[in-house]
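Visitor: To be precise about what I am sending: the file is called final-v4.txt and holds compact mmCIF, C-alpha atoms.
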```
# COMPACT_ATOMS: atom_id res chain seq x y z
CA MET A 1 -73.75 -29.34 -126.06
CA SER A 2 -74.56 -26.91 -123.26
CA PRO A 3 -72.73 -27.15 -119.94
CA SER A 4 -75.99 -27.99 -118.14
CA SER A 5 -76.52 -31.12 -120.25
CA SER A 6 -72.99 -32.50 -119.91
CA SER A 7 -72.05 -35.19 -117.36
CA THR A 8 -68.85 -36.35 -115.76
CA PRO A 9 -68.12 -40.09 -116.10
CA GLY A 10 -68.57 -41.99 -112.81
CA LYS A 11 -70.62 -39.22 -111.12
CA SER A 12 -74.38 -38.84 -110.79
CA SER A 13 -76.03 -36.18 -112.95
CA ASN A 14 -78.56 -35.60 -110.12
CA PRO A 15 -76.89 -33.36 -107.51
CA ASP A 16 -79.60 -34.08 -104.86
CA LYS A 17 -79.19 -37.83 -105.25
CA ALA A 18 -75.42 -37.53 -105.18
CA GLY A 19 -75.63 -35.50 -101.98
CA GLU A 20 -77.88 -38.08 -100.34
CA THR A 21 -75.56 -40.89 -101.38
CA GLY A 22 -72.59 -39.02 -99.97
CA LYS A 23 -74.38 -38.44 -96.66
CA ALA A 24 -75.37 -42.11 -96.44
CA THR A 25 -71.81 -43.17 -97.14
CA LYS A 26 -70.44 -40.83 -94.48
CA ALA A 27 -73.05 -42.05 -91.97
CA ALA A 28 -72.22 -45.68 -92.65
CA LYS A 29 -68.51 -44.94 -92.35
CA ALA A 30 -69.09 -43.11 -89.07
CA THR A 31 -71.09 -46.06 -87.71
CA ARG A 32 -68.36 -48.51 -88.68
CA THR A 33 -65.73 -46.28 -87.13
CA ALA A 34 -67.70 -45.96 -83.89
CA LYS A 35 -68.20 -49.71 -83.63
CA ALA A 36 -64.52 -50.33 -84.37
CA THR A 37 -63.56 -47.82 -81.69
CA ARG A 38 -65.82 -49.47 -79.10
CA THR A 39 -64.49 -52.92 -79.95
CA ALA A 40 -60.91 -51.71 -79.70
CA LYS A 41 -61.65 -50.10 -76.34
CA ALA A 42 -63.17 -53.33 -75.02
CA THR A 43 -60.12 -55.26 -76.19
CA ARG A 44 -57.75 -52.79 -74.51
CA THR A 45 -59.75 -53.02 -71.29
CA ALA A 46 -59.66 -56.81 -71.35
CA LYS A 47 -55.91 -56.83 -72.00
CA ALA A 48 -55.30 -54.33 -69.23
CA SER A 49 -57.30 -56.43 -66.80
CA SER A 50 -55.47 -59.62 -67.77
CA ALA A 51 -52.16 -57.83 -67.29
CA GLY A 52 -53.20 -56.71 -63.83
CA LYS A 53 -53.54 -53.07 -64.83
CA ALA A 54 -56.65 -51.29 -63.61
CA PRO A 55 -58.50 -49.31 -66.29
CA LYS A 56 -59.00 -45.59 -65.77
CA ALA A 57 -61.63 -44.78 -63.16
CA GLU A 58 -65.04 -44.01 -64.64
CA SER A 59 -66.98 -40.99 -63.44
CA HIS A 60 -70.57 -41.39 -62.27
CA LEU A 61 -71.83 -39.40 -65.24
CA ALA A 62 -69.91 -41.61 -67.67
CA MET A 63 -71.32 -44.71 -65.97
CA VAL A 64 -74.87 -43.40 -66.28
CA ARG A 65 -74.37 -42.65 -69.96
CA ARG A 66 -72.89 -46.10 -70.54
CA ALA A 67 -75.72 -47.76 -68.60
CA ARG A 68 -78.36 -45.98 -70.64
CA ARG A 69 -76.59 -46.93 -73.84
CA ILE A 70 -76.56 -50.57 -72.75
CA ASN A 71 -80.31 -50.34 -72.20
CA ARG A 72 -80.84 -48.86 -75.68
CA GLU A 73 -78.75 -51.57 -77.31
CA LEU A 74 -80.49 -54.33 -75.39
CA ALA A 75 -83.80 -52.89 -76.62
CA GLU A 76 -82.60 -53.50 -80.18
CA VAL A 77 -81.38 -57.01 -79.39
CA TYR A 78 -84.53 -58.02 -77.47
CA PRO A 79 -87.43 -55.94 -78.85
CA TYR A 80 -89.71 -58.81 -77.83
CA ALA A 81 -88.54 -59.00 -74.18
CA HIS A 82 -91.40 -60.00 -71.89
CA PRO A 83 -92.16 -61.73 -68.57
CA GLU A 84 -91.33 -65.40 -69.04
CA LEU A 85 -94.14 -66.70 -66.87
CA ASP A 86 -97.40 -67.76 -68.51
CA PHE A 87 -100.39 -65.89 -67.08
CA ARG A 88 -103.82 -64.61 -68.11
CA ASN A 89 -104.65 -62.29 -65.21
CA PRO A 90 -103.01 -60.66 -62.16
CA PHE A 91 -103.87 -63.58 -59.88
CA GLU A 92 -102.17 -66.11 -62.14
CA LEU A 93 -99.08 -63.91 -62.44
CA LEU A 94 -98.92 -63.46 -58.66
CA VAL A 95 -99.14 -67.21 -58.04
CA ALA A 96 -96.66 -68.07 -60.80
CA THR A 97 -94.15 -65.55 -59.46
CA VAL A 98 -94.37 -66.99 -55.96
CA LEU A 99 -93.80 -70.47 -57.42
CA SER A 100 -90.78 -69.27 -59.43
CA ALA A 101 -88.57 -68.98 -56.33
CA GLN A 102 -85.64 -71.43 -56.46
CA THR A 103 -86.73 -72.92 -59.80
CA THR A 104 -86.98 -72.01 -63.48
CA ASP A 105 -89.84 -70.15 -65.14
CA LEU A 106 -90.08 -73.13 -67.52
CA ARG A 107 -90.85 -75.54 -64.68
CA VAL A 108 -93.43 -73.12 -63.29
CA ASN A 109 -95.09 -72.76 -66.69
CA GLN A 110 -95.24 -76.55 -67.01
CA THR A 111 -96.89 -76.80 -63.59
CA THR A 112 -99.42 -73.95 -63.48
CA PRO A 113 -101.91 -75.24 -66.11
CA ALA A 114 -102.98 -78.06 -63.77
CA LEU A 115 -102.87 -75.73 -60.75
CA PHE A 116 -105.14 -73.09 -62.31
CA ALA A 117 -107.48 -75.74 -63.71
CA ALA A 118 -108.00 -76.96 -60.14
CA TYR A 119 -108.02 -73.52 -58.46
CA PRO A 120 -108.91 -70.75 -60.95
CA THR A 121 -109.72 -68.05 -58.37
CA PRO A 122 -108.38 -66.91 -54.99
CA GLU A 123 -111.53 -68.28 -53.35
CA ASP A 124 -110.95 -71.72 -54.90
CA MET A 125 -107.28 -71.75 -53.94
CA ALA A 126 -107.95 -70.60 -50.37
CA ALA A 127 -110.27 -73.60 -49.91
CA ALA A 128 -107.79 -76.13 -51.34
CA VAL A 129 -106.72 -79.23 -49.44
CA PRO A 130 -103.02 -78.60 -48.72
CA GLU A 131 -101.86 -82.13 -49.57
CA GLU A 132 -103.61 -82.00 -52.94
CA MET A 133 -102.02 -78.67 -53.83
CA GLU A 134 -98.62 -79.94 -52.72
CA GLU A 135 -98.81 -82.79 -55.21
CA ILE A 136 -99.62 -80.42 -58.07
CA ILE A 137 -96.80 -77.96 -57.39
CA ARG A 138 -94.24 -80.56 -56.25
CA PRO A 139 -92.17 -80.15 -59.50
CA THR A 140 -91.35 -76.53 -58.57
CA GLY A 141 -89.53 -77.55 -55.37
CA PHE A 142 -90.09 -76.34 -51.78
CA PHE A 143 -93.70 -77.32 -52.39
CA ARG A 144 -94.78 -77.37 -48.74
CA ALA A 145 -93.59 -73.82 -48.05
CA LYS A 146 -95.02 -72.63 -51.37
CA THR A 147 -98.36 -74.29 -50.64
CA LYS A 148 -98.49 -72.46 -47.30
CA SER A 149 -97.77 -69.14 -49.04
CA LEU A 150 -100.37 -69.72 -51.77
CA LEU A 151 -103.06 -70.70 -49.26
CA GLY A 152 -102.22 -67.65 -47.15
CA LEU A 153 -102.15 -65.10 -49.96
CA SER A 154 -105.34 -66.52 -51.51
CA ALA A 155 -107.15 -66.24 -48.17
CA ALA A 156 -105.88 -62.67 -47.77
CA LEU A 157 -107.09 -61.76 -51.26
CA ARG A 158 -110.49 -63.29 -50.49
CA ASP A 159 -110.87 -61.72 -47.07
CA ASP A 160 -109.14 -58.36 -47.41
CA PHE A 161 -109.31 -57.41 -51.09
CA GLY A 162 -112.60 -58.81 -52.34
CA GLY A 163 -110.92 -61.60 -54.28
CA GLU A 164 -108.88 -59.16 -56.38
CA VAL A 165 -105.11 -58.67 -56.55
CA PRO A 166 -104.30 -55.15 -55.27
CA GLY A 167 -102.44 -52.78 -57.55
CA ARG A 168 -100.30 -51.10 -54.88
CA LEU A 169 -96.85 -52.13 -53.68
CA GLU A 170 -97.67 -51.51 -50.01
CA ASP A 171 -100.65 -53.89 -50.24
CA LEU A 172 -98.89 -56.61 -52.23
CA VAL A 173 -95.92 -56.95 -49.88
CA LYS A 174 -98.30 -57.67 -46.98
CA LEU A 175 -99.44 -60.89 -48.66
CA PRO A 176 -97.79 -64.14 -47.47
CA GLY A 177 -94.80 -65.08 -49.62
CA VAL A 178 -94.77 -61.77 -51.50
CA GLY A 179 -91.71 -59.50 -51.36
CA ARG A 180 -90.66 -56.47 -53.38
CA LYS A 181 -89.42 -58.53 -56.31
CA THR A 182 -92.71 -60.39 -56.69
CA ALA A 183 -94.69 -57.20 -56.14
CA ASN A 184 -92.76 -55.35 -58.84
CA VAL A 185 -93.27 -58.22 -61.31
CA VAL A 186 -97.02 -58.08 -60.74
CA LEU A 187 -97.25 -54.29 -60.80
CA GLY A 188 -95.16 -53.88 -63.92
CA ASN A 189 -96.73 -56.66 -65.98
CA ALA A 190 -100.31 -56.89 -64.77
CA PHE A 191 -101.02 -53.26 -63.87
CA GLY A 192 -98.58 -51.23 -65.98
CA VAL A 193 -96.98 -49.67 -62.88
CA PRO A 194 -93.20 -49.23 -63.47
CA GLY A 195 -90.98 -51.36 -61.29
CA ILE A 196 -87.46 -52.83 -61.23
CA THR A 197 -87.28 -56.58 -60.69
CA VAL A 198 -84.02 -57.52 -59.00
CA ASP A 199 -83.63 -61.27 -59.38
CA THR A 200 -80.34 -63.19 -59.46
CA HIS A 201 -79.77 -62.45 -63.15
CA PHE A 202 -80.44 -58.73 -62.77
CA GLY A 203 -78.19 -58.38 -59.74
CA ARG A 204 -75.37 -60.32 -61.36
CA LEU A 205 -75.38 -58.28 -64.58
CA VAL A 206 -75.61 -54.83 -63.04
CA ARG A 207 -72.61 -55.69 -60.90
CA ARG A 208 -70.70 -56.98 -63.92
CA TRP A 209 -71.50 -53.76 -65.71
CA LYS A 210 -70.30 -51.76 -62.68
CA TRP A 211 -73.58 -49.93 -62.21
CA THR A 212 -73.33 -50.78 -58.51
CA ASP A 213 -71.41 -52.96 -56.08
CA GLU A 214 -74.44 -53.48 -53.85
CA GLU A 215 -75.50 -57.06 -53.08
CA ASP A 216 -78.77 -56.34 -51.27
CA PRO A 217 -81.67 -56.42 -53.81
CA VAL A 218 -83.43 -53.42 -52.25
CA LYS A 219 -80.26 -51.32 -52.47
CA VAL A 220 -79.63 -52.51 -56.04
CA GLU A 221 -83.17 -51.48 -56.95
CA ALA A 222 -82.65 -48.01 -55.45
CA VAL A 223 -79.35 -47.45 -57.28
CA VAL A 224 -80.66 -48.56 -60.66
CA ALA A 225 -83.85 -46.54 -60.19
CA GLY A 226 -81.64 -43.46 -59.92
CA ILE A 227 -79.92 -44.20 -63.24
CA PHE A 228 -82.98 -44.63 -65.44
CA PRO A 229 -86.25 -42.74 -65.87
CA LYS A 230 -89.24 -44.46 -64.29
CA SER A 231 -90.80 -45.17 -67.68
CA GLU A 232 -87.91 -47.55 -68.46
CA TRP A 233 -87.94 -49.60 -65.28
CA THR A 234 -90.17 -52.52 -66.29
CA MET A 235 -88.74 -53.08 -69.76
CA LEU A 236 -85.18 -52.58 -68.49
CA SER A 237 -85.81 -55.44 -66.06
CA HIS A 238 -87.00 -57.73 -68.87
CA ARG A 239 -84.07 -56.87 -71.14
CA VAL A 240 -81.43 -57.41 -68.47
CA VAL A 241 -82.96 -60.73 -67.37
CA PHE A 242 -83.26 -61.86 -71.00
CA HIS A 243 -79.59 -61.05 -71.56
CA GLY A 244 -78.55 -62.85 -68.39
CA ARG A 245 -80.43 -66.00 -69.35
CA ARG A 246 -79.36 -66.08 -72.97
CA ILE A 247 -75.82 -64.68 -73.22
CA CYS A 248 -74.32 -63.33 -69.98
CA HIS A 249 -74.49 -66.57 -68.01
CA ALA A 250 -73.34 -66.87 -64.40
CA ARG A 251 -70.55 -69.40 -64.84
CA LYS A 252 -69.47 -68.90 -68.44
CA PRO A 253 -70.76 -65.77 -70.18
CA ALA A 254 -70.63 -65.82 -73.98
CA CYS A 255 -68.48 -62.68 -74.27
CA GLY A 256 -67.48 -63.41 -77.88
CA ALA A 257 -71.13 -63.40 -78.98
CA CYS A 258 -72.26 -60.49 -76.84
CA PRO A 259 -73.69 -57.48 -78.73
CA ILE A 260 -72.79 -55.09 -75.91
CA ALA A 261 -69.24 -56.37 -75.31
CA PRO A 262 -67.68 -52.97 -76.18
CA LEU A 263 -69.70 -51.41 -73.33
CA CYS A 264 -68.92 -54.07 -70.74
CA PRO A 265 -66.10 -53.48 -68.24
CA SER A 266 -66.12 -57.22 -67.43
CA TYR A 267 -65.51 -58.32 -71.01
CA GLY A 268 -63.21 -61.33 -71.00
CA GLU A 269 -64.62 -63.06 -67.92
CA GLY A 270 -66.21 -65.59 -70.25
CA GLU A 271 -65.52 -67.20 -73.62
CA THR A 272 -64.21 -64.60 -76.07
CA ASP A 273 -63.80 -66.81 -79.15
CA PRO A 274 -66.85 -66.00 -81.34
CA GLU A 275 -67.43 -69.57 -82.54
CA LYS A 276 -67.11 -71.12 -79.08
CA ALA A 277 -69.22 -68.33 -77.57
CA ARG A 278 -72.08 -68.92 -80.02
CA LYS A 279 -72.32 -72.51 -78.79
CA LEU A 280 -73.09 -71.16 -75.31
CA LEU A 281 -76.18 -69.20 -76.37
CA LYS A 282 -79.49 -70.34 -74.89
CA TYR A 283 -83.17 -70.25 -75.79
CA GLU A 284 -84.06 -68.45 -79.03
CA MET A 285 -80.55 -66.99 -79.34
CA GLY A 286 -79.23 -70.54 -79.66
CA GLY A 287 -82.15 -71.82 -81.73
CA TYR A 288 -83.89 -73.57 -78.83
CA PRO A 289 -87.36 -73.31 -77.23
CA GLY A 290 -88.00 -70.55 -74.72
CA GLN A 291 -89.50 -70.86 -71.24
CA ARG A 292 -93.15 -70.06 -72.03
CA LEU A 293 -95.61 -72.65 -73.25
CA SER A 294 -97.74 -69.76 -74.55
CA PRO A 295 -95.30 -67.00 -75.60
CA PRO A 296 -96.39 -63.64 -77.05
CA ALA A 297 -97.19 -63.52 -80.75
CA ASP A 298 -94.03 -61.56 -81.56
CA TYR A 299 -91.67 -63.96 -79.76
CA PRO A 300 -89.17 -65.30 -82.33
CA GLY A 301 -88.38 -68.55 -80.54
CA LYS A 302 -90.20 -71.85 -80.14
CA PRO A 303 -92.77 -72.46 -77.38
CA ALA A 304 -91.55 -74.61 -74.50
CA PRO A 305 -92.87 -78.18 -74.23
CA ALA A 306 -95.54 -79.13 -71.70
CA LEU A 307 -94.59 -81.11 -68.61
CA GLY A 308 -93.69 -84.67 -69.60
CA ALA A 309 -93.67 -83.91 -73.34
CA GLY A 310 -90.78 -85.08 -75.50
```
Let me see the structure of the file written as structure tokens.
Guide:
Amino acid sequence: MSPSSSSTPGKSSNPDKAGETGKATKAAKATRTAKATRTAKATRTAKASSAGKAPKAESHLAMVRRARRINRELAEVYPYAHPELDFRNPFELLVATVLSAQTTDLRVNQTTPALFAAYPTPEDMAAAVPEEMEEIIRPTGFFRAKTKSLLGLSAALRDDFGGEVPGRLEDLVKLPGVGRKTANVVLGNAFGVPGITVDTHFGRLVRRWKWTDEEDPVKVEAVVAGIFPKSEWTMLSHRVVFHGRRICHARKPACGACPIAPLCPSYGEGETDPEKARKLLKYEMGGYPGQRLSPPADYPGKPAPALGAG
């Protein structure tokens, strides 16, 4: 038998295949090692914090790299992240966003079908009887103030913008009841203009992650805008808000079930036991309905129930 036809027991006779297998094994081992290293680092940080020892100061460059890695990992966890307000056009999104103040997106989504059936256009809404609108949007809370804002912005759209929602920030913020947060929601999701939406979830998480210590939403927006390229702003906002609503809760974050725990300097503020943490997960992460009655086709969770259903 010639040397070229012989084989060694336990080894592949195909050198190319063997090389590919070896590379795959090394890559898998490297991935496992990296994950183990990150987990160990998070554990050391948590122990140091609990012992009253401050972890080593992080440079700005290191923070930026960590922030961008968090964004990449959240993109893998929530590839279906989206605005959680039901809407079919810019006007509906604008109205729904104004209504979402001091209430949940779920309650807004349960309320807007009747609202848009009664007032489908800015012209219709501007001519509404205030008391009748108040009764429709009452479930969202602060219904008198919200009715005043909706009547005012609808009249402004009718009179100043030809019945169309403007696609510029400087025009949107002039409308009654519309601030930068609402404007960025509309621009990013109805017009494709990048924007960072700083709501309570976003602000809470970026401070937990030590991207900034700022409390003012406008300042938070400016800091985060300097960390990420403009093309990432809208989807970053969705991912962070999704994570805040599902895992990184305000009162008791599910640290033990968090996929980015190794990157979080606040790891340990919440429940670290994996089994107990999993019981804290909300919406699709916990096997429950989401906030939209009409979610996107690729959403993995269940649609929310209509108002009064169940």
Visitor: Compile the contact shell of stretch 67-76 of chain A as number ranges by chain: residues with an atom at most 10 Å away, counting all atoms listed in the file, same-chain residues fewer than 6 positions apart removed.
Guide: A: 61, 206, 209-211, 224, 227-229, 232, 235-240, 242-243, 259-264
Visitor: Step by step, gather every atom of stretch 98-104 of chain A that the file lists, find the box along x, y and z that holds them, add 8 Å on each side, and finally give centre and edge lengths in Å to one decimal, as lines of an AutoDock Vina configuration file.
Guide:
```
center_x = -90.0
center_y = -70.0
center_z = -59.7
size_x = 24.7
size_y = 21.9
size_z = 23.5
```
Visitor: For a quick check of understanding, using all atoms listed in the file, which of A:Arg207, A:Arg292, A:Arg246, A:Lys252 has the smallest distance to A:Ala306?
Guide: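 That would be A:Arg292, the residue with the smallest distance to A:Ala306.
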Visitor: Would you kindly return, as a tab-separated table (two decimals) with C-alpha atoms, in the coordinates of the input, each protein, DNA or RNA residue with an atom no farther than 9 Å from any atom of A:Val178, considering all atoms listed in the file and excluding same-chain residues fewer than 2 positions away?
Guide:
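Saved the output as around-v1.tsv:
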```tsv
chain	number	residue	atom	x	y	z
A	94	LEU	CA	-98.92	-63.46	-58.66
A	97	THR	CA	-94.15	-65.55	-59.46
A	98	VAL	CA	-94.37	-66.99	-55.96
A	149	SER	CA	-97.77	-69.14	-49.04
A	153	LEU	CA	-102.15	-65.10	-49.96
A	172	LEU	CA	-98.89	-56.61	-52.23
A	173	VAL	CA	-95.92	-56.95	-49.88
A	174	LYS	CA	-98.30	-57.67	-46.98
A	175	LEU	CA	-99.44	-60.89	-48.66
A	176	PRO	CA	-97.79	-64.14	-47.47
A	180	ARG	CA	-90.66	-56.47	-53.38
A	181	LYS	CA	-89.42	-58.53	-56.31
A	182	THR	CA	-92.71	-60.39	-56.69
A	183	ALA	CA	-94.69	-57.20	-56.14
```
Visitor: To one decimal in Å, tell me the separation between atom CA of A:Pro120 and atom CA of A:Ser100.
Guide: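 It comes out at 18.3 Å.
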Visitor: So that each row is one residue of stretch 148-222 of chain A with an atom at most 12 Å from stretch 103-116 of chain A, can you give its shortest atom pair and the distance in Å to one decimal, using only C-alpha atoms, rows by chain and rising number, as CSV?
Guide:
```
residue,atom,partner,partner_atom,distance
A:Leu150,CA,A:Leu115,CA,11.1
A:Asp199,CA,A:Thr104,CA,12.0
A:Thr200,CA,A:Thr103,CA,11.6
A:His201,CA,A:Thr104,CA,12.0
```
Visitor: Which residue out of A:Ala254, A:Leu307, A:Val220, A:Ala156 has the minimum interatomic distance to A:Gly286 when all atoms listed in the file are used?
Guide: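 The shortest atom-to-atom distance to A:Gly286 comes from A:Ala254.
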Visitor: Which polymer residues, protein or nucleic acid, are no farther than 6 Å from (-91.3, -71.6, -74.9), counting only C-alpha atoms, as a VMD selection string?
Guide: chain A and resid 289 to 293 302 to 304
Visitor: Between A:Val193, A:Met63, A:Ala257, A:Ala225, which one has atoms that come closest to A:Lys279, using only C-alpha atoms?
Guide: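 Comparing A:Val193, A:Met63, A:Ala257, A:Ala225 against A:Lys279, the winner is A:Ala257.
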Visitor: Find the residues around A:Ala145 up to 12 Å (all atoms listed in the file counted), leave out those fewer than 3 positions away in its own chain, and share them as a VMD selection string.
Guide: chain A and resid 98 to 99 101 to 102 130 to 131 133 to 134 137 to 138 140 to 142 148 to 152 176 to 177
Visitor: Select all residues near (-68.9, -73.9, -75.1) (cut-off 12 Å, inclusive, file coordinates), counting only C-alpha atoms, and output them as a PyMOL selection string.
Guide: chain A and resi 247+249+251-257+270-282+286
